[in-house]
>>> print(open('work.txt').read())   # compact mmCIF, C-alpha atoms
# COMPACT_ATOMS: atom_id res chain seq x y z
CA MET A 1 99.41 -18.84 -115.77
CA THR A 2 100.69 -21.61 -113.50
CA GLU A 3 98.43 -23.43 -111.04
CA ALA A 4 100.53 -22.07 -108.16
CA SER A 5 100.27 -18.42 -109.13
CA SER A 6 96.55 -18.68 -109.76
CA SER A 7 96.11 -20.25 -106.35
CA HIS A 8 97.97 -17.33 -104.69
CA GLU A 9 95.64 -14.97 -106.43
CA VAL A 10 92.53 -16.83 -105.34
CA LEU A 11 93.74 -17.20 -101.75
CA GLY A 12 94.76 -13.54 -101.63
CA ALA A 13 91.30 -12.44 -102.74
CA LEU A 14 89.67 -14.83 -100.25
CA ALA A 15 91.90 -13.53 -97.42
CA TYR A 16 90.88 -10.00 -98.33
CA HIS A 17 87.21 -10.98 -98.25
CA GLN A 18 87.66 -12.34 -94.70
CA LEU A 19 89.65 -9.31 -93.60
CA SER A 20 87.20 -6.78 -94.97
CA THR A 21 84.17 -8.64 -93.65
CA PHE A 22 85.88 -8.75 -90.25
CA GLY A 23 86.25 -4.97 -90.43
CA ARG A 24 82.56 -4.44 -91.28
CA LEU A 25 81.36 -6.72 -88.50
CA ALA A 26 83.72 -5.17 -85.94
CA ALA A 27 82.63 -1.64 -86.87
CA ASP A 28 78.98 -2.69 -86.63
CA ALA A 29 79.66 -4.23 -83.22
CA GLU A 30 81.17 -0.97 -81.97
CA LEU A 31 78.11 1.01 -83.06
CA ALA A 32 75.38 -1.52 -82.20
CA PRO A 33 72.70 0.17 -80.08
CA ASP A 34 72.05 -3.07 -78.21
CA LEU A 35 74.63 -4.90 -76.08
CA GLY A 36 73.38 -8.37 -77.06
CA GLN A 37 73.82 -7.48 -80.73
CA ARG A 38 77.23 -6.00 -79.98
CA ILE A 39 78.37 -9.27 -78.41
CA GLN A 40 76.93 -11.33 -81.30
CA LEU A 41 78.59 -9.13 -83.93
CA THR A 42 81.88 -9.39 -82.04
CA HIS A 43 81.61 -13.18 -82.23
CA LEU A 44 80.80 -13.05 -85.94
CA ALA A 45 83.84 -10.82 -86.49
CA ALA A 46 86.04 -13.32 -84.63
CA ALA A 47 84.68 -16.14 -86.82
CA ARG A 48 86.01 -14.25 -89.85
CA VAL A 49 89.44 -14.09 -88.22
CA ALA A 50 89.32 -17.87 -87.78
CA GLY A 51 88.49 -18.11 -91.50
CA LEU A 52 91.26 -15.64 -92.35
CA ASP A 53 93.74 -17.81 -90.43
CA ARG A 54 92.77 -20.88 -92.41
CA VAL A 55 93.31 -18.98 -95.66
CA LEU A 56 96.64 -17.55 -94.47
CA ASP A 57 97.79 -21.02 -93.37
CA ARG A 58 97.01 -22.34 -96.82
CA LEU A 59 98.82 -19.39 -98.42
CA ALA A 60 101.85 -20.12 -96.24
CA ALA A 61 101.69 -23.79 -97.23
CA THR A 62 101.89 -22.81 -100.91
CA GLY A 63 105.00 -20.77 -100.09
CA ALA A 64 103.32 -17.50 -101.03
CA ASP A 65 103.89 -14.20 -99.25
CA ALA A 66 100.57 -13.29 -97.64
CA GLU A 67 100.96 -9.54 -98.00
CA ALA A 68 101.88 -9.74 -101.67
CA ALA A 69 98.92 -12.05 -102.30
CA VAL A 70 96.37 -9.80 -100.57
CA ALA A 71 97.71 -6.46 -101.86
CA PRO A 72 96.01 -6.51 -105.32
CA TYR A 73 92.57 -6.61 -103.67
CA LEU A 74 93.00 -3.94 -100.99
CA HIS A 75 91.06 -1.30 -102.92
CA LEU A 76 88.42 -3.59 -104.38
CA LEU A 77 85.64 -2.14 -102.23
CA ASP A 78 86.77 1.51 -102.07
CA ASP A 79 84.29 2.58 -104.72
CA PHE A 80 81.50 0.57 -103.19
CA ASP A 81 82.15 2.13 -99.79
CA ALA A 82 82.51 5.66 -101.14
CA ARG A 83 79.18 5.38 -102.96
CA THR A 84 77.24 3.82 -100.10
CA GLU A 85 78.14 5.82 -96.99
CA PRO A 86 75.41 4.86 -94.48
CA SER A 87 73.73 7.71 -92.62
CA THR A 88 71.97 5.69 -89.90
CA TRP A 89 72.54 2.53 -87.89
CA TRP A 90 69.92 0.71 -89.98
CA GLU A 91 71.52 1.74 -93.25
CA ARG A 92 74.88 0.57 -91.91
CA LEU A 93 73.53 -2.77 -90.73
CA LEU A 94 71.74 -3.45 -94.03
CA LYS A 95 74.73 -2.32 -96.07
CA ASP A 96 77.20 -4.57 -94.32
CA TYR A 97 74.84 -7.52 -94.50
CA VAL A 98 74.14 -6.99 -98.21
CA ALA A 99 77.85 -6.46 -98.96
CA SER A 100 79.05 -9.52 -97.10
CA GLY A 101 76.10 -11.61 -98.30
CA ILE A 102 76.81 -10.85 -101.95
CA ALA A 103 80.55 -11.37 -101.46
CA ASP A 104 79.92 -14.74 -99.76
CA ASP A 105 77.61 -15.67 -102.65
CA VAL A 106 80.25 -14.73 -105.23
CA TRP A 107 82.70 -17.03 -103.47
CA ARG A 108 80.25 -19.90 -103.34
CA HIS A 109 79.82 -19.56 -107.11
CA LEU A 110 83.57 -19.40 -107.64
CA ALA A 111 83.96 -22.54 -105.50
CA ALA A 112 82.38 -24.55 -108.34
CA GLY A 113 85.53 -23.89 -110.35
CA LEU A 114 87.89 -25.11 -107.62
CA ASP A 115 89.13 -28.57 -106.65
CA GLU A 116 89.44 -29.85 -103.10
CA PRO A 117 90.78 -28.82 -100.64
CA MET A 118 90.32 -25.25 -101.93
CA ARG A 119 86.66 -25.78 -102.65
CA GLY A 120 85.89 -26.93 -99.11
CA LEU A 121 87.96 -24.10 -97.67
CA VAL A 122 85.99 -21.49 -99.61
CA LEU A 123 82.65 -23.02 -98.63
CA ASP A 124 83.67 -23.24 -94.96
CA VAL A 125 84.99 -19.72 -94.52
CA THR A 126 82.06 -18.10 -96.33
CA ASP A 127 79.43 -20.01 -94.36
CA ASP A 128 77.40 -17.48 -92.37
CA PRO A 129 77.19 -18.62 -88.74
CA GLY A 130 74.31 -16.30 -87.78
CA TYR A 131 74.79 -12.83 -89.26
CA GLY A 132 71.72 -13.26 -91.48
CA ASP A 133 69.54 -14.31 -88.56
CA LEU A 134 70.65 -11.32 -86.48
CA VAL A 135 70.08 -8.76 -89.26
CA VAL A 136 66.82 -10.29 -90.46
CA ALA A 137 65.39 -10.31 -86.91
CA ALA A 138 66.52 -6.74 -86.19
CA ILE A 139 65.34 -5.22 -89.48
CA THR A 140 62.07 -7.18 -89.61
CA GLN A 141 61.22 -5.92 -86.13
CA ALA A 142 62.23 -2.33 -86.83
CA GLY A 143 60.40 -2.32 -90.17
CA ALA A 144 57.21 -3.67 -88.58
CA ARG A 145 57.30 -0.84 -86.01
CA ASP A 146 58.08 1.83 -88.61
CA PRO A 147 56.82 1.24 -92.17
CA LYS A 148 58.56 4.43 -93.39
CA LEU A 149 61.88 2.97 -92.25
CA ALA A 150 61.08 -0.26 -94.10
CA ALA A 151 60.34 1.69 -97.30
CA ARG A 152 63.58 3.70 -96.98
CA LEU A 153 65.60 0.53 -96.34
CA ALA A 154 64.00 -1.21 -99.34
CA LEU A 155 65.20 1.69 -101.51
CA TRP A 156 68.63 1.58 -99.84
CA GLY A 157 68.82 -2.15 -100.55
CA ARG A 158 68.25 -1.53 -104.26
CA ARG A 159 71.06 1.01 -104.31
CA LEU A 160 73.34 -1.37 -102.40
CA VAL A 161 72.80 -4.32 -104.70
CA GLY A 162 73.69 -2.25 -107.78
CA GLU A 163 76.93 -1.02 -106.24
CA ALA A 164 77.80 -4.46 -104.86
CA LEU A 165 77.34 -6.03 -108.29
CA GLY A 166 79.75 -3.41 -109.62
CA ALA A 167 82.34 -4.58 -107.10
CA ALA A 168 81.70 -8.23 -108.04
CA GLN A 169 82.21 -7.28 -111.68
CA ARG A 170 85.59 -5.70 -110.83
CA LEU A 171 86.61 -8.81 -108.90
CA VAL A 172 85.90 -11.26 -111.72
CA GLY A 173 86.72 -8.85 -114.58
CA ASP A 174 89.98 -7.29 -113.39
CA HIS A 175 91.60 -10.34 -111.82
CA GLN A 176 92.32 -13.06 -114.35
CA ALA A 177 92.66 -15.92 -111.86
CA ILE A 178 89.25 -15.13 -110.38
CA GLY A 179 87.57 -14.79 -113.76
CA ALA A 180 89.09 -18.14 -114.72
CA LEU A 181 87.29 -19.82 -111.80
CA LEU A 182 83.94 -18.74 -113.18
CA ALA A 183 84.79 -20.35 -116.51
CA ALA A 184 86.14 -23.50 -114.82
CA GLY A 185 82.82 -23.96 -113.01
CA ALA A 186 80.71 -23.77 -116.19
CA GLU A 187 80.27 -25.86 -119.34
CA PRO A 188 83.34 -25.61 -121.59
CA GLY A 189 83.04 -22.90 -124.21
CA THR A 190 80.64 -20.61 -122.32
CA ASP A 191 81.73 -17.07 -123.17
CA ALA A 192 82.78 -14.50 -120.56
CA ALA A 193 79.71 -12.28 -121.03
CA ALA A 194 77.36 -15.23 -120.52
CA LEU A 195 79.29 -16.31 -117.43
CA GLN A 196 79.04 -12.85 -115.90
CA SER A 197 75.37 -12.38 -116.67
CA ARG A 198 74.63 -15.79 -115.19
CA LEU A 199 76.57 -14.86 -112.04
CA PHE A 200 74.74 -11.54 -111.74
CA ALA A 201 71.34 -13.21 -112.18
CA ALA A 202 72.16 -15.66 -109.40
CA LEU A 203 73.50 -12.92 -107.09
CA THR A 204 70.42 -10.79 -107.70
CA ALA A 205 68.08 -13.71 -106.96
CA GLU A 206 69.91 -14.44 -103.69
CA HIS A 207 69.83 -10.77 -102.72
CA THR A 208 66.08 -10.69 -103.39
CA ARG A 209 65.58 -13.71 -101.12
CA ARG A 210 67.50 -11.95 -98.34
CA MET A 211 65.45 -8.75 -98.74
CA ASP A 212 62.23 -10.81 -98.74
CA ARG A 213 63.19 -12.43 -95.45
CA MET A 214 63.36 -8.93 -93.94
CA GLY A 215 60.03 -7.90 -95.42
CA LEU A 216 61.78 -5.42 -97.75
CA THR A 217 60.84 -5.10 -101.43
CA ALA A 218 63.96 -5.76 -103.50
CA MET B 1 77.00 -7.33 -50.73
CA THR B 2 76.91 -11.06 -51.39
CA GLU B 3 79.85 -12.91 -52.94
CA ALA B 4 77.67 -13.71 -55.98
CA SER B 5 76.63 -10.13 -56.74
CA SER B 6 80.16 -8.87 -56.37
CA SER B 7 81.38 -11.53 -58.76
CA HIS B 8 78.78 -10.44 -61.38
CA GLU B 9 80.06 -6.91 -61.03
CA VAL B 10 83.67 -7.93 -61.45
CA LEU B 11 82.95 -10.21 -64.40
CA GLY B 12 80.78 -7.54 -66.04
CA ALA B 13 83.59 -4.99 -65.81
CA LEU B 14 86.10 -7.53 -67.11
CA ALA B 15 83.81 -8.44 -70.03
CA TYR B 16 83.52 -4.75 -70.86
CA HIS B 17 87.30 -4.39 -70.80
CA GLN B 18 87.62 -7.23 -73.33
CA LEU B 19 84.81 -5.86 -75.50
CA SER B 20 86.16 -2.32 -75.58
CA THR B 21 89.75 -3.45 -76.18
CA PHE B 22 88.45 -5.61 -79.05
CA GLY B 23 86.82 -2.49 -80.51
CA ARG B 24 90.04 -0.45 -80.27
CA LEU B 25 92.14 -3.18 -81.87
CA ALA B 26 89.62 -3.80 -84.64
CA ALA B 27 89.39 -0.08 -85.45
CA ASP B 28 93.19 0.15 -85.48
CA ALA B 29 93.33 -2.86 -87.81
CA GLU B 30 90.94 -1.19 -90.22
CA LEU B 31 93.08 1.96 -90.36
CA ALA B 32 96.54 0.38 -90.25
CA PRO B 33 98.68 1.75 -93.09
CA ASP B 34 100.51 -1.57 -93.41
CA LEU B 35 98.87 -4.89 -94.31
CA GLY B 36 101.10 -6.94 -92.00
CA GLN B 37 100.10 -4.73 -89.07
CA ARG B 38 96.46 -4.96 -90.12
CA ILE B 39 96.59 -8.75 -89.99
CA GLN B 40 98.41 -8.72 -86.62
CA LEU B 41 95.91 -6.27 -85.11
CA THR B 42 93.06 -8.41 -86.43
CA HIS B 43 94.55 -11.41 -84.60
CA LEU B 44 94.97 -9.39 -81.41
CA ALA B 45 91.34 -8.31 -81.67
CA ALA B 46 90.25 -11.94 -82.06
CA ALA B 47 92.28 -12.89 -78.97
CA ARG B 48 90.17 -10.40 -76.98
CA VAL B 49 87.02 -12.13 -78.24
CA ALA B 50 88.42 -15.45 -76.97
CA GLY B 51 88.99 -13.73 -73.60
CA LEU B 52 85.50 -12.23 -73.70
CA ASP B 53 84.04 -15.69 -74.27
CA ARG B 54 85.83 -17.07 -71.23
CA VAL B 55 84.43 -14.22 -69.12
CA LEU B 56 80.91 -14.65 -70.54
CA ASP B 57 81.06 -18.42 -69.90
CA ARG B 58 81.97 -17.74 -66.29
CA LEU B 59 79.16 -15.17 -66.01
CA ALA B 60 76.72 -17.75 -67.41
CA ALA B 61 78.01 -20.34 -64.93
CA THR B 62 77.21 -17.97 -62.04
CA GLY B 63 73.66 -17.65 -63.40
CA ALA B 64 74.12 -13.94 -64.15
CA ASP B 65 72.61 -12.15 -67.12
CA ALA B 66 75.56 -11.00 -69.26
CA GLU B 67 73.92 -7.85 -70.55
CA ALA B 68 72.83 -6.70 -67.10
CA ALA B 69 76.32 -7.38 -65.75
CA VAL B 70 78.11 -5.41 -68.50
CA ALA B 71 75.64 -2.51 -68.70
CA PRO B 72 76.99 -0.47 -65.72
CA TYR B 73 80.38 -0.13 -67.43
CA LEU B 74 79.31 0.78 -70.96
CA HIS B 75 80.10 4.48 -70.54
CA LEU B 76 83.22 4.09 -68.44
CA LEU B 77 85.52 5.28 -71.24
CA ASP B 78 83.26 7.86 -72.89
CA ASP B 79 85.02 10.76 -71.16
CA PHE B 80 88.44 9.32 -71.89
CA ASP B 81 87.57 8.92 -75.57
CA ALA B 82 85.97 12.35 -75.86
CA ARG B 83 89.05 14.02 -74.37
CA THR B 84 91.60 12.08 -76.42
CA GLU B 85 90.36 12.11 -80.01
CA PRO B 86 93.42 11.09 -82.06
CA SER B 87 94.20 13.22 -85.10
CA THR B 88 96.75 10.93 -86.79
CA TRP B 89 97.41 7.21 -87.15
CA TRP B 90 100.32 7.47 -84.70
CA GLU B 91 98.21 9.24 -82.09
CA ARG B 92 95.56 6.57 -82.51
CA LEU B 93 98.03 3.69 -82.20
CA LEU B 94 99.67 5.17 -79.10
CA LYS B 95 96.32 6.02 -77.54
CA ASP B 96 94.88 2.56 -77.92
CA TYR B 97 98.06 0.96 -76.65
CA VAL B 98 98.25 3.26 -73.61
CA ALA B 99 94.53 2.81 -72.89
CA SER B 100 94.56 -0.96 -73.11
CA GLY B 101 97.94 -1.20 -71.36
CA ILE B 102 96.73 0.79 -68.36
CA ALA B 103 93.42 -1.10 -68.28
CA ASP B 104 95.26 -4.45 -68.36
CA ASP B 105 97.53 -3.19 -65.56
CA VAL B 106 94.52 -2.14 -63.45
CA TRP B 107 93.14 -5.64 -63.83
CA ARG B 108 96.39 -7.30 -62.86
CA HIS B 109 96.39 -5.20 -59.69
CA LEU B 110 92.76 -6.08 -58.99
CA ALA B 111 93.60 -9.77 -59.48
CA ALA B 112 95.55 -9.68 -56.20
CA GLY B 113 92.19 -9.29 -54.43
CA LEU B 114 90.60 -12.29 -56.15
CA ASP B 115 90.66 -16.02 -55.40
CA GLU B 116 91.08 -18.75 -57.98
CA PRO B 117 89.67 -19.41 -60.55
CA MET B 118 88.81 -15.72 -60.99
CA ARG B 119 92.39 -14.63 -60.40
CA GLY B 120 93.77 -16.88 -63.12
CA LEU B 121 90.99 -15.84 -65.50
CA VAL B 122 91.83 -12.15 -65.05
CA LEU B 123 95.55 -12.76 -65.54
CA ASP B 124 94.95 -14.89 -68.63
CA VAL B 125 92.57 -12.58 -70.47
CA THR B 126 94.66 -9.47 -69.79
CA ASP B 127 97.91 -11.06 -70.91
CA ASP B 128 99.13 -9.15 -73.97
CA PRO B 129 100.00 -11.63 -76.75
CA GLY B 130 101.98 -9.14 -78.84
CA TYR B 131 100.27 -5.75 -79.02
CA GLY B 132 103.12 -4.12 -77.08
CA ASP B 133 105.75 -5.56 -79.40
CA LEU B 134 103.90 -4.35 -82.48
CA VAL B 135 103.36 -0.81 -81.18
CA VAL B 136 106.84 -0.48 -79.69
CA ALA B 137 108.46 -1.58 -82.96
CA ALA B 138 106.27 0.69 -85.09
CA ILE B 139 106.62 3.81 -82.90
CA THR B 140 110.33 3.32 -82.19
CA GLN B 141 110.99 3.12 -85.92
CA ALA B 142 108.79 6.09 -86.79
CA GLY B 143 110.25 8.17 -83.94
CA ALA B 144 113.82 7.40 -85.01
CA ARG B 145 113.01 8.60 -88.56
CA ASP B 146 111.19 11.72 -87.34
CA PRO B 147 112.28 13.22 -84.00
CA LYS B 148 109.50 15.83 -84.17
CA LEU B 149 106.95 13.02 -84.29
CA ALA B 150 108.63 11.39 -81.27
CA ALA B 151 108.41 14.69 -79.34
CA ARG B 152 104.74 15.14 -80.23
CA LEU B 153 103.93 11.55 -79.26
CA ALA B 154 105.76 11.94 -75.94
CA LEU B 155 103.51 14.92 -75.18
CA TRP B 156 100.45 12.97 -76.35
CA GLY B 157 101.46 10.08 -74.07
CA ARG B 158 101.50 12.43 -71.06
CA ARG B 159 98.02 13.66 -71.90
CA LEU B 160 96.80 10.07 -72.40
CA VAL B 161 98.11 8.79 -69.08
CA GLY B 162 96.36 11.57 -67.17
CA GLU B 163 93.02 10.86 -68.82
CA ALA B 164 93.44 7.09 -68.48
CA LEU B 165 94.13 7.43 -64.76
CA GLY B 166 90.90 9.42 -64.52
CA ALA B 167 89.05 6.47 -66.06
CA ALA B 168 90.80 4.05 -63.67
CA GLN B 169 89.71 6.27 -60.79
CA ARG B 170 86.10 6.10 -61.96
CA LEU B 171 86.30 2.31 -62.25
CA VAL B 172 87.56 1.73 -58.71
CA GLY B 173 85.78 4.72 -57.14
CA ASP B 174 82.28 4.43 -58.62
CA HIS B 175 81.91 0.64 -58.56
CA GLN B 176 81.93 -0.74 -55.04
CA ALA B 177 82.75 -4.34 -55.99
CA ILE B 178 85.81 -3.19 -57.94
CA GLY B 179 87.02 -0.88 -55.19
CA ALA B 180 86.63 -3.76 -52.74
CA LEU B 181 89.09 -5.84 -54.77
CA LEU B 182 91.78 -3.22 -54.27
CA ALA B 183 91.25 -3.39 -50.52
CA ALA B 184 91.16 -7.20 -50.55
CA GLY B 185 94.57 -7.29 -52.25
CA ALA B 186 96.25 -5.01 -49.64
CA GLU B 187 97.10 -5.25 -45.93
CA PRO B 188 93.96 -5.07 -43.79
CA GLY B 189 93.14 -1.55 -42.64
CA THR B 190 94.77 0.34 -45.55
CA ASP B 191 92.49 3.29 -46.25
CA ALA B 192 90.88 3.94 -49.64
CA ALA B 193 92.98 7.02 -50.43
CA ALA B 194 96.22 5.12 -49.78
CA LEU B 195 95.00 2.21 -51.93
CA GLN B 196 94.21 4.51 -54.83
CA SER B 197 97.44 6.46 -54.64
CA ARG B 198 99.40 3.21 -54.52
CA LEU B 199 97.50 1.96 -57.60
CA PHE B 200 98.14 5.22 -59.46
CA ALA B 201 101.85 5.13 -58.62
CA ALA B 202 102.12 1.58 -59.96
CA LEU B 203 100.13 2.42 -63.12
CA THR B 204 102.27 5.48 -63.76
CA ALA B 205 105.48 3.49 -63.33
CA GLU B 206 104.27 0.83 -65.79
CA HIS B 207 103.21 3.50 -68.27
CA THR B 208 106.66 5.11 -67.99
CA ARG B 209 108.30 1.76 -68.75
CA ARG B 210 106.13 1.37 -71.86
CA MET B 211 106.98 4.89 -73.05
CA ASP B 212 110.69 4.24 -72.40
CA ARG B 213 110.57 1.11 -74.57
CA MET B 214 109.35 3.33 -77.44
CA GLY B 215 112.03 5.95 -76.84
CA LEU B 216 109.39 8.46 -75.70
CA THR B 217 109.86 10.63 -72.60
CA ALA B 218 106.98 9.96 -70.21
>>> encode(input="work.txt", output="structure tokens")
Amino acid sequence: MTEASSSHEVLGALAYHQLSTFGRLAADAELAPDLGQRIQLTHLAAARVAGLDRVLDRLAATGADAEAAVAPYLHLLDDFDARTEPSTWWERLLKDYVASGIADDVWRHLAAGLDEPMRGLVLDVTDDPGYGDLVVAAITQAGARDPKLAARLALWGRRLVGEALGAAQRLVGDHQAIGALLAAGAEPGTDAAALQSRLFAALTAEHTRRMDRMGLTA
Amino acid sequence: MTEASSSHEVLGALAYHQLSTFGRLAADAELAPDLGQRIQLTHLAAARVAGLDRVLDRLAATGADAEAAVAPYLHLLDDFDARTEPSTWWERLLKDYVASGIADDVWRHLAAGLDEPMRGLVLDVTDDPGYGDLVVAAITQAGARDPKLAARLALWGRRLVGEALGAAQRLVGDHQAIGALLAAGAEPGTDAAALQSRLFAALTAEHTRRMDRMGLTA
């Protein structure tokens, strides 16, 4: 695999991450029960478009066709979404936060296998400018008022993390250029199974920290 | 009514227009059958957030509370949306284009009753940076391939314009500060009924031009 083709594949996956996170944030904004939250979520969605633009600019600079580069990833989260249909606003908010949080974390791990300027690009566009604070504040407050809701959301969070790890597994397992980044970021000779289990352990630990911040038992 | 309170009311309505148009564009992006269209719609949605920010900055500069200013308009389009539930992608695309096109047109008419810098702000944030071109190209092409679709969409467009004019009527009729802008933009002494029928005639003519561009009979 040439450097150029692997870079298309990485940029395509990163563009898809921005595009799909935009869609989650925009849908959350539309359904937010509170106007202040709606405005904040709208801003967070727009930040992902700014990130998307940076990725698309870089794709264009490499001479790649953006649509062809993104296409292989378009159905990456179909299974995840089909298996985690939220039934309330709180389930939706937690789901989208867990999904985008884990996806951002995956990318920060993959960044270790990239050189500059790609590494900086990945770290920049996956940097959360306030989504976590919004969700943590909203869910902590709601959970404190209603312990049954907190218990249900804790359970929901455990279901979400399992499904999200499945999607992460498909990303690094089914797409050679992405899997190669994991290897490039580790000591030479580490085998694929060890790389994946290390990634999953890190993702799970980060998820647990996020759930803790909301007062939910992971 | 003081100048300041009327300006809160106008800015609140304008902020809501940006916020709701963002929501339509983002939802269209998510459902777009074509990745290139999805990316374009995502950019158009982000442009509305940039417009929203300019309106919110101006609201903040007047010392107004953004949420209080937007709140009176939050249900302005509920009736319109309930009566025009799209059943296909094409119905959705045409609906959102007609709805945002008519809303932008209303604002450009209202701008005549405003002084600078409000007038320029309204004209800037309602300036379509490419939505029309995207929808016209997509619907013209689809209609040329499938004349039955074109006939159905022409009918759908007639239903949409009627419902959208109803929403425009509620905006200028139920919100005194907005109705006052219509009067301020016309010759002194023009009565409210004449102002509204003139607005509706202009909106209908602009809608007909948009439908013509798509090869649909308005």
>>> residues_around(input="work.txt", residues="B:Pro33", least_positions_apart="5", cutoff="10 Å", atoms="all atoms listed in the file", output="list in words")
Asp28, Arg38 and Trp89 of chain B
>>> closest_atom_pairs(input="work.txt", of="chain B", to="chain A", cutoff="10 Å", atoms="only C-alpha atoms", output="JSON lines")
{"residue": "B:Leu19", "atom": "CA", "partner": "A:Ile39", "partner_atom": "CA", "distance": 7.8}
{"residue": "B:Ser20", "atom": "CA", "partner": "A:Glu30", "partner_atom": "CA", "distance": 8.2}
{"residue": "B:Phe22", "atom": "CA", "partner": "A:Thr42", "partner_atom": "CA", "distance": 8.1}
{"residue": "B:Gly23", "atom": "CA", "partner": "A:Glu30", "partner_atom": "CA", "distance": 6.0}
{"residue": "B:Arg24", "atom": "CA", "partner": "A:Glu30", "partner_atom": "CA", "distance": 9.0}
{"residue": "B:Leu25", "atom": "CA", "partner": "A:Ala26", "partner_atom": "CA", "distance": 9.6}
{"residue": "B:Ala26", "atom": "CA", "partner": "A:Ala26", "partner_atom": "CA", "distance": 6.2}
{"residue": "B:Ala27", "atom": "CA", "partner": "A:Ala27", "partner_atom": "CA", "distance": 7.1}
{"residue": "B:Asp28", "atom": "CA", "partner": "A:Gly23", "partner_atom": "CA", "distance": 9.9}
{"residue": "B:Ala29", "atom": "CA", "partner": "A:Gly23", "partner_atom": "CA", "distance": 7.8}
{"residue": "B:Glu30", "atom": "CA", "partner": "A:Gly23", "partner_atom": "CA", "distance": 6.0}
{"residue": "B:Leu31", "atom": "CA", "partner": "A:Gly23", "partner_atom": "CA", "distance": 9.7}
{"residue": "B:Asp34", "atom": "CA", "partner": "A:Glu67", "partner_atom": "CA", "distance": 9.2}
{"residue": "B:Leu35", "atom": "CA", "partner": "A:Glu67", "partner_atom": "CA", "distance": 6.3}
{"residue": "B:Gly36", "atom": "CA", "partner": "A:Glu67", "partner_atom": "CA", "distance": 6.5}
{"residue": "B:Arg38", "atom": "CA", "partner": "A:Leu19", "partner_atom": "CA", "distance": 8.8}
{"residue": "B:Ile39", "atom": "CA", "partner": "A:Leu19", "partner_atom": "CA", "distance": 7.8}
{"residue": "B:Thr42", "atom": "CA", "partner": "A:Val49", "partner_atom": "CA", "distance": 7.0}
{"residue": "B:His43", "atom": "CA", "partner": "A:Val49", "partner_atom": "CA", "distance": 6.8}
{"residue": "B:Leu44", "atom": "CA", "partner": "A:Val49", "partner_atom": "CA", "distance": 10.0}
{"residue": "B:Ala45", "atom": "CA", "partner": "A:Ala46", "partner_atom": "CA", "distance": 7.9}
{"residue": "B:Ala46", "atom": "CA", "partner": "A:Ala46", "partner_atom": "CA", "distance": 5.1}
{"residue": "B:Ala47", "atom": "CA", "partner": "A:Ala46", "partner_atom": "CA", "distance": 8.4}
{"residue": "B:Arg48", "atom": "CA", "partner": "A:Ala46", "partner_atom": "CA", "distance": 9.2}
{"residue": "B:Val49", "atom": "CA", "partner": "A:Ala46", "partner_atom": "CA", "distance": 6.6}
{"residue": "B:Ala50", "atom": "CA", "partner": "A:Ala46", "partner_atom": "CA", "distance": 8.3}
{"residue": "B:Leu52", "atom": "CA", "partner": "A:Ile39", "partner_atom": "CA", "distance": 9.0}
{"residue": "B:Asp53", "atom": "CA", "partner": "A:His43", "partner_atom": "CA", "distance": 8.7}
{"residue": "B:Leu56", "atom": "CA", "partner": "A:Ile39", "partner_atom": "CA", "distance": 9.9}
{"residue": "B:Ala66", "atom": "CA", "partner": "A:Gly36", "partner_atom": "CA", "distance": 8.5}
{"residue": "B:Glu67", "atom": "CA", "partner": "A:Leu35", "partner_atom": "CA", "distance": 6.3}
{"residue": "B:Ala68", "atom": "CA", "partner": "A:Leu35", "partner_atom": "CA", "distance": 9.3}
{"residue": "B:Val70", "atom": "CA", "partner": "A:Leu35", "partner_atom": "CA", "distance": 8.4}
{"residue": "B:Ala71", "atom": "CA", "partner": "A:Leu35", "partner_atom": "CA", "distance": 7.8}
{"residue": "B:Leu74", "atom": "CA", "partner": "A:Leu35", "partner_atom": "CA", "distance": 9.0}
>>> closest_residue(input="work.txt", among="B:Val125, B:Leu160, B:Ala15, B:Ala142", to="B:Pro86", atoms="all atoms listed in the file")
B:Leu160
>>> closest_residue(input="work.txt", among="A:Ala32, A:Leu59, A:Val98, A:Ala186", to="A:Gly132", atoms="all atoms listed in the file")
A:Val98
>>> atom_distance(input="work.txt", atom1="atom CA of B:Ala177", atom2="atom CA of B:Asp81")
24.1 Å
>>> atom_distance(input="work.txt", atom1="atom CA of A:Ala64", atom2="atom CA of A:Glu9")
9.7 Å
>>> atom_distance(input="work.txt", atom1="atom CA of A:Asp105", atom2="atom CA of A:Val161")
12.5 Å
>>> residues_near_point(input="work.txt", point="(82.1, -0.2, -57.0)", cutoff="12 Å", atoms="all atoms listed in the file", output="number ranges by chain")
B: 1, 5-10, 12-13, 72-73, 168-183
>>> closest_residue(input="work.txt", among="B:Leu114, B:Ala202, B:Ala167, B:Val55", to="B:Leu76", atoms="only C-alpha atoms")
B:Ala167
>>> axis_aligned_box(input="work.txt", around="stretch 79-90 of chain A", padding_each_side="3 Å", output="AutoDock Vina command-line options")
--center_x 77.1 --center_y 4.1 --center_z -96.3 --size_x 20.4 --size_y 13.1 --size_z 22.8
>>> closest_residue(input="work.txt", among="A:Leu14, A:Tyr97, A:His109, A:Ala82", to="A:Arg198", atoms="all atoms listed in the file")
A:His109
>>> closest_residue(input="work.txt", among="B:Leu93, B:Arg54, B:Arg209, B:Gly101", to="B:Pro129", atoms="only C-alpha atoms")
B:Gly101
>>> closest_residue(input="work.txt", among="A:Ala218, A:Tyr16, A:Gly185, A:Leu155", to="A:Asp115", atoms="all atoms listed in the file")
A:Gly185
>>> residues_around(input="work.txt", residues="B:Trp156", least_positions_apart="6", cutoff="12 Å", atoms="only C-alpha atoms", output="list in words")
Arg83, Thr84, Glu85, Pro86, Ser87, Thr88, Trp90, Glu91, Arg92, Leu93, Leu94, Lys95, Asp96, Val98, Leu149, Ala150, Gly162, Glu163, Met211, Leu216, Thr217 and Ala218 of chain B
